[in-house]
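Visitor: I have a structure I would like to understand better, so I am pasting it below and will then ask my questions one at a time.
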Amino acid sequence: MSEHLPVLLTEVLDLLRPQPGGIYVDATVGGGGHAEAILQRTQPGGRLVGLDRDDEAIARSRARLARFGQAAVLRQANFTEIAEVLRGLGITAVDGVLMDLGVSSHQLAAAERGFSFAQAGPLDMRMDRRGGATARDLVNTLPERDLADLLWRYGEERWSRQIARAVARARPLESTTGLADVVMRAVPRRKWPRGIHPATRTFQALRIAVNDELRSLEQALPDAVEALREGGRFCVITFHSLEDRIVKHTLLRLSRGCTCPPGSSTCTCGGRRWVTVLTRRPLLPSDDEVARNPRARSAKLRAAERVVEASG
């Protein structure tokens with residue numbers, strides 16, 4: 001298996017600015033590529049807390065980061081648990097937080113995980129396999145209308161109703177390739193999206209639903225910002241428009257502070273300005289990076305800095 005290639009690594013390091021002795025969180029540690037680069041820049045004395053829902057990702061990162069010893073602390077956890085994990089470690093504030101969203105190349109390559117339509121495997125798609133509904137559960141039990149709504153909401157699939165109807169007729173479906181074949185037959189060939197497999201959006205939608213990704217992201221973003229010390233930095237890499245929209249609007253909201261009408265004598269909204277947005281537009285990978293790592297093709301990086309401002 002090829003080595004994990006961290007996406008937008010140079011740009012992340014430029015924005016995150018890891019410093020010797022600093023404490024950083026990689027909230028989606030994955031294969032450990034970003035974490036390794038951050039740890040290299042924070043020695044001596046730096047620490048990195050790495051989180052991931054996937055036990056296999058934690059194992060890979062533990063092997064990759066072993067040479068850093070106790071400077072690398074890894075936990076199997078959702079990034080919604082960032083505050084709880086830091087509290088358990090006795091850490092009150094950190095210098096930077098990184099989130100790299102989406103599916104890793106290792107997860108896509110493992111047929112038994114069910115993330116990819118490129119090879120036969122069970123319809124699983126759970127990032128945390130300790131429990132919860134699988135893609136098979138959703139595909140085979142959701143009412144046709146609910147399945148269509150899911151494909152439209154999370155996959156922005158224009159053929160959602162036709163696909164849901166075809167899936168309902170083909171039930172029970174057990175494998176990734178079986179589902180992909182149904183989608184391919186449901187979408188007229190002349191209408192297949194250019195440059196991507198016609199099942200791509202269906203698989204995206206199911207993965208997002210299985211892992212509750214968007215709601216988790218909405219919850220985790222403010223918690224990550226709150227974990228930062230003043231002047232600390234926050235970077236998020238997204239891979240599709242739904243994630244990017246949430247990150248963009250959350251950072252804008254946290255950067256605005258008071259929303260009371262101009263001229264108000266006192267603030268009644270309770271708003272506080274938490275961050276300064278560092279990327280008015282997202283940073284994109286270069287052509288060279290996309291050529292080296294096609295997974296980077298749809299990546300977008302946004303960043304913010306915790307404001308130096310007293311509360312109240």
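Identifiers in this document derive from the order of the structure tokens: chains are assigned A, B, ..., residues are numbered from 1 separately in each chain, and ligands are numbered from 1 in order of occurrence.
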Quick one: everything within 10 Å of Pro198 of chain A, counting only C-alpha atoms, minus sequence neighbours fewer than 4 positions away in the same chain. Send it as a PyMOL selection string.
Guide: chain A and resi 157+159+180-181+183-189+191-194+202-203
Visitor: So that I can check the surroundings of Arg171 of chain A, please list as a ChimeraX atom specification every protein, DNA and RNA residue that reaches within 9 Å of it, counting only C-alpha atoms and ignoring chain neighbours fewer than 4 positions away.
Guide: /A:139-140,166-167
Visitor: Which residues of segment 163-210 of chain A come within 12 Å of segment 115-138 of chain A, and for each one, what is the closest pair of atoms and their distance in Å to one decimal, counting only C-alpha atoms, sorted by chain and residue number, as a Markdown table?
Guide:
| residue | atom | partner | partner_atom | distance |
| --- | --- | --- | --- | --- |
| A:Ala164 | CA | A:Leu138 | CA | 11.3 |
| A:Val167 | CA | A:Leu138 | CA | 10.9 |
| A:Ala168 | CA | A:Leu138 | CA | 11.1 |
| A:Arg171 | CA | A:Arg136 | CA | 10.2 |
| A:Pro172 | CA | A:Arg136 | CA | 8.7 |
| A:Leu173 | CA | A:Arg136 | CA | 7.1 |
| A:Glu174 | CA | A:Pro122 | CA | 6.1 |
| A:Ser175 | CA | A:Pro122 | CA | 4.6 |
| A:Thr176 | CA | A:Phe117 | CA | 5.2 |
| A:Thr177 | CA | A:Ala120 | CA | 5.2 |
| A:Gly178 | CA | A:Ala120 | CA | 8.0 |
| A:Leu179 | CA | A:Phe117 | CA | 8.0 |
| A:Ala180 | CA | A:Phe117 | CA | 6.0 |
| A:Asp181 | CA | A:Phe117 | CA | 9.1 |
| A:Val182 | CA | A:Phe117 | CA | 11.4 |
| A:Val183 | CA | A:Phe117 | CA | 10.6 |
| A:Met184 | CA | A:Phe117 | CA | 11.1 |
| A:Ile196 | CA | A:Phe117 | CA | 11.9 |
| A:His197 | CA | A:Phe117 | CA | 9.0 |
| A:Pro198 | CA | A:Phe117 | CA | 10.3 |
| A:Ala199 | CA | A:Phe117 | CA | 7.5 |
| A:Thr200 | CA | A:Phe117 | CA | 8.0 |
| A:Arg201 | CA | A:Phe117 | CA | 11.1 |
| A:Thr202 | CA | A:Phe117 | CA | 10.1 |
| A:Phe203 | CA | A:Phe115 | CA | 7.3 |
| A:Gln204 | CA | A:Phe115 | CA | 8.7 |
| A:Ala205 | CA | A:Ala135 | CA | 9.8 |
| A:Leu206 | CA | A:Ala135 | CA | 6.1 |
| A:Arg207 | CA | A:Met125 | CA | 5.7 |
| A:Ile208 | CA | A:Met125 | CA | 9.0 |
| A:Ala209 | CA | A:Ala135 | CA | 8.3 |
| A:Val210 | CA | A:Thr134 | CA | 6.1 |
Visitor: How many Å lie between atom CA of Val85 of chain A and atom CA of Val97 of chain A, rounded to one decimal?
Guide: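 Separation between atom CA of Val85 of chain A and atom CA of Val97 of chain A: 13.3 Å.
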Visitor: Give me, as a ChimeraX atom specification, the residues of segment 2-127 of chain A that a backbone DSSP run labels helix (DSSP H, G or I).
Guide: /A:9-16,33-42,55-64,66-71,79-88,105-109,111-113
Visitor: Write out, as a tab-separated table (two decimals), in the first residue's frame, the residues just selected, with C-alpha atoms.
Guide:
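Writing the result to result-v8.tsv gives the following:
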chain	number	residue	atom	x	y	z
A	9	LEU	CA	0.72	20.21	3.60
A	10	THR	CA	2.78	23.32	2.79
A	11	GLU	CA	-0.26	25.54	3.05
A	12	VAL	CA	-1.34	23.98	6.35
A	13	LEU	CA	2.09	24.52	7.89
A	14	ASP	CA	2.24	28.12	6.65
A	15	LEU	CA	-1.15	28.92	8.22
A	16	LEU	CA	-0.91	26.81	11.37
A	33	GLY	CA	1.16	12.76	7.51
A	34	HIS	CA	0.12	16.19	8.77
A	35	ALA	CA	0.80	15.12	12.37
A	36	GLU	CA	4.34	14.05	11.53
A	37	ALA	CA	5.15	17.38	9.88
A	38	ILE	CA	3.67	19.32	12.80
A	39	LEU	CA	5.65	17.31	15.35
A	40	GLN	CA	8.88	17.85	13.42
A	41	ARG	CA	8.38	21.61	13.70
A	42	THR	CA	7.38	21.61	17.37
A	55	ASP	CA	-9.06	2.35	15.02
A	56	GLU	CA	-6.97	1.38	11.98
A	57	ALA	CA	-6.00	5.04	11.44
A	58	ILE	CA	-4.87	5.30	15.05
A	59	ALA	CA	-2.73	2.17	14.62
A	60	ARG	CA	-1.11	3.52	11.44
A	61	SER	CA	-0.40	6.89	13.02
A	62	ARG	CA	1.00	5.29	16.17
A	63	ALA	CA	3.54	3.40	14.04
A	64	ARG	CA	4.41	6.47	11.96
A	66	ALA	CA	6.54	6.25	17.29
A	67	ARG	CA	9.89	8.04	17.10
A	68	PHE	CA	8.37	11.09	18.80
A	69	GLY	CA	7.61	9.08	21.93
A	70	GLN	CA	5.33	10.74	24.46
A	71	ALA	CA	5.15	13.92	22.36
A	79	PHE	CA	-13.56	15.30	16.80
A	80	THR	CA	-16.76	16.25	18.61
A	81	GLU	CA	-14.97	14.94	21.72
A	82	ILE	CA	-12.03	17.36	21.46
A	83	ALA	CA	-12.92	19.23	24.67
A	84	GLU	CA	-13.37	15.99	26.62
A	85	VAL	CA	-10.07	14.52	25.39
A	86	LEU	CA	-8.09	17.68	26.20
A	87	ARG	CA	-9.69	17.93	29.61
A	88	GLY	CA	-8.71	14.32	30.32
A	105	SER	CA	-6.78	6.64	0.81
A	106	HIS	CA	-6.32	3.73	3.23
A	107	GLN	CA	-10.07	3.53	3.89
A	108	LEU	CA	-10.85	3.64	0.17
A	109	ALA	CA	-8.30	0.92	-0.56
A	111	ALA	CA	-12.56	-3.32	0.29
A	112	GLU	CA	-13.92	-4.63	3.59
A	113	ARG	CA	-14.64	-1.08	4.79
Visitor: Restricting the calculation to only C-alpha atoms: of A:Glu305, A:Glu243, A:Asp52, A:Glu144, which residue gets closest to Arg17 of chain A?
Guide: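 Checking each candidate against Arg17 of chain A, we get A:Glu305 as the closest.
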Visitor: For the atom pair atom CA of Gly102 of chain A and atom CA of Ser298 of chain A, what is the interatomic distance in Å to one decimal place?
Guide: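 Atom CA of Ser298 of chain A lies at a distance of 10.7 Å from atom CA of Gly102 of chain A.
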Visitor: Can you measure atom CA of Gly50 of chain A to atom CA of Val25 of chain A for me? One decimal in Å is fine.
Guide: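 That distance, rounded to one decimal, is 5.9 Å.
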Visitor: Using only C-alpha atoms, which of A:Gly257, A:Gly32, A:Pro282, A:Gly195 sits nearest Thr238 of chain A?
Guide: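 Closest residue, counting only C-alpha atoms: A:Pro282.
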Visitor: Mind the document's chain letters and residue numbers, and return as an mmCIF file with N, CA and C atoms, in the first residue's frame the residues of segment 111-285 of chain A that DSSP labels strand (DSSP E).
Guide:
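Heads up, here's the output in part06.cif:
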data_model
loop_
_atom_site.group_PDB
_atom_site.id
_atom_site.type_symbol
_atom_site.label_atom_id
_atom_site.label_comp_id
_atom_site.auth_asym_id
_atom_site.auth_seq_id
_atom_site.Cartn_x
_atom_site.Cartn_y
_atom_site.Cartn_z
ATOM 1 N N LEU A 228 -8.624 26.817 21.536
ATOM 2 C CA LEU A 228 -7.415 27.568 21.193
ATOM 3 C C LEU A 228 -7.089 28.624 22.240
ATOM 4 N N ARG A 229 -5.811 28.800 22.486
ATOM 5 C CA ARG A 229 -5.385 29.963 23.259
ATOM 6 C C ARG A 229 -5.453 31.193 22.360
ATOM 7 N N GLU A 230 -5.399 32.383 22.922
ATOM 8 C CA GLU A 230 -5.418 33.601 22.123
ATOM 9 C C GLU A 230 -4.232 33.598 21.159
ATOM 10 N N GLY A 231 -4.507 33.861 19.906
ATOM 11 C CA GLY A 231 -3.487 33.816 18.879
ATOM 12 C C GLY A 231 -3.304 32.445 18.258
ATOM 13 N N GLY A 232 -3.966 31.421 18.811
ATOM 14 C CA GLY A 232 -3.896 30.083 18.245
ATOM 15 C C GLY A 232 -4.607 30.015 16.906
ATOM 16 N N ARG A 233 -4.241 29.034 16.104
ATOM 17 C CA ARG A 233 -4.760 28.958 14.741
ATOM 18 C C ARG A 233 -5.504 27.647 14.478
ATOM 19 N N PHE A 234 -6.452 27.739 13.533
ATOM 20 C CA PHE A 234 -7.362 26.650 13.228
ATOM 21 C C PHE A 234 -7.419 26.471 11.717
ATOM 22 N N CYS A 235 -7.150 25.260 11.225
ATOM 23 C CA CYS A 235 -7.188 24.965 9.795
ATOM 24 C C CYS A 235 -8.151 23.811 9.536
ATOM 25 N N VAL A 236 -8.951 23.936 8.475
ATOM 26 C CA VAL A 236 -9.887 22.886 8.095
ATOM 27 C C VAL A 236 -9.769 22.632 6.598
ATOM 28 N N ILE A 237 -9.569 21.359 6.236
ATOM 29 C CA ILE A 237 -9.546 20.948 4.838
ATOM 30 C C ILE A 237 -10.833 20.193 4.550
ATOM 31 N N THR A 238 -11.592 20.677 3.563
ATOM 32 C CA THR A 238 -12.834 20.022 3.170
ATOM 33 C C THR A 238 -12.677 19.437 1.766
ATOM 34 N N VAL A 275 -12.861 34.835 16.362
ATOM 35 C CA VAL A 275 -11.753 34.586 15.445
ATOM 36 C C VAL A 275 -11.613 35.702 14.414
ATOM 37 N N THR A 276 -10.429 35.739 13.823
ATOM 38 C CA THR A 276 -10.181 36.498 12.600
ATOM 39 C C THR A 276 -10.001 35.477 11.480
ATOM 40 N N VAL A 277 -10.784 35.609 10.420
ATOM 41 C CA VAL A 277 -10.669 34.683 9.301
ATOM 42 C C VAL A 277 -9.406 35.026 8.514
#
Visitor: Identify, on the basis of only C-alpha atoms, every residue whose closest approach to Asp100 of chain A does not exceed 10 Å; exclude the query and any residue fewer than 5 positions from it along the same chain; express the result as a count of residues only.
Guide: 17
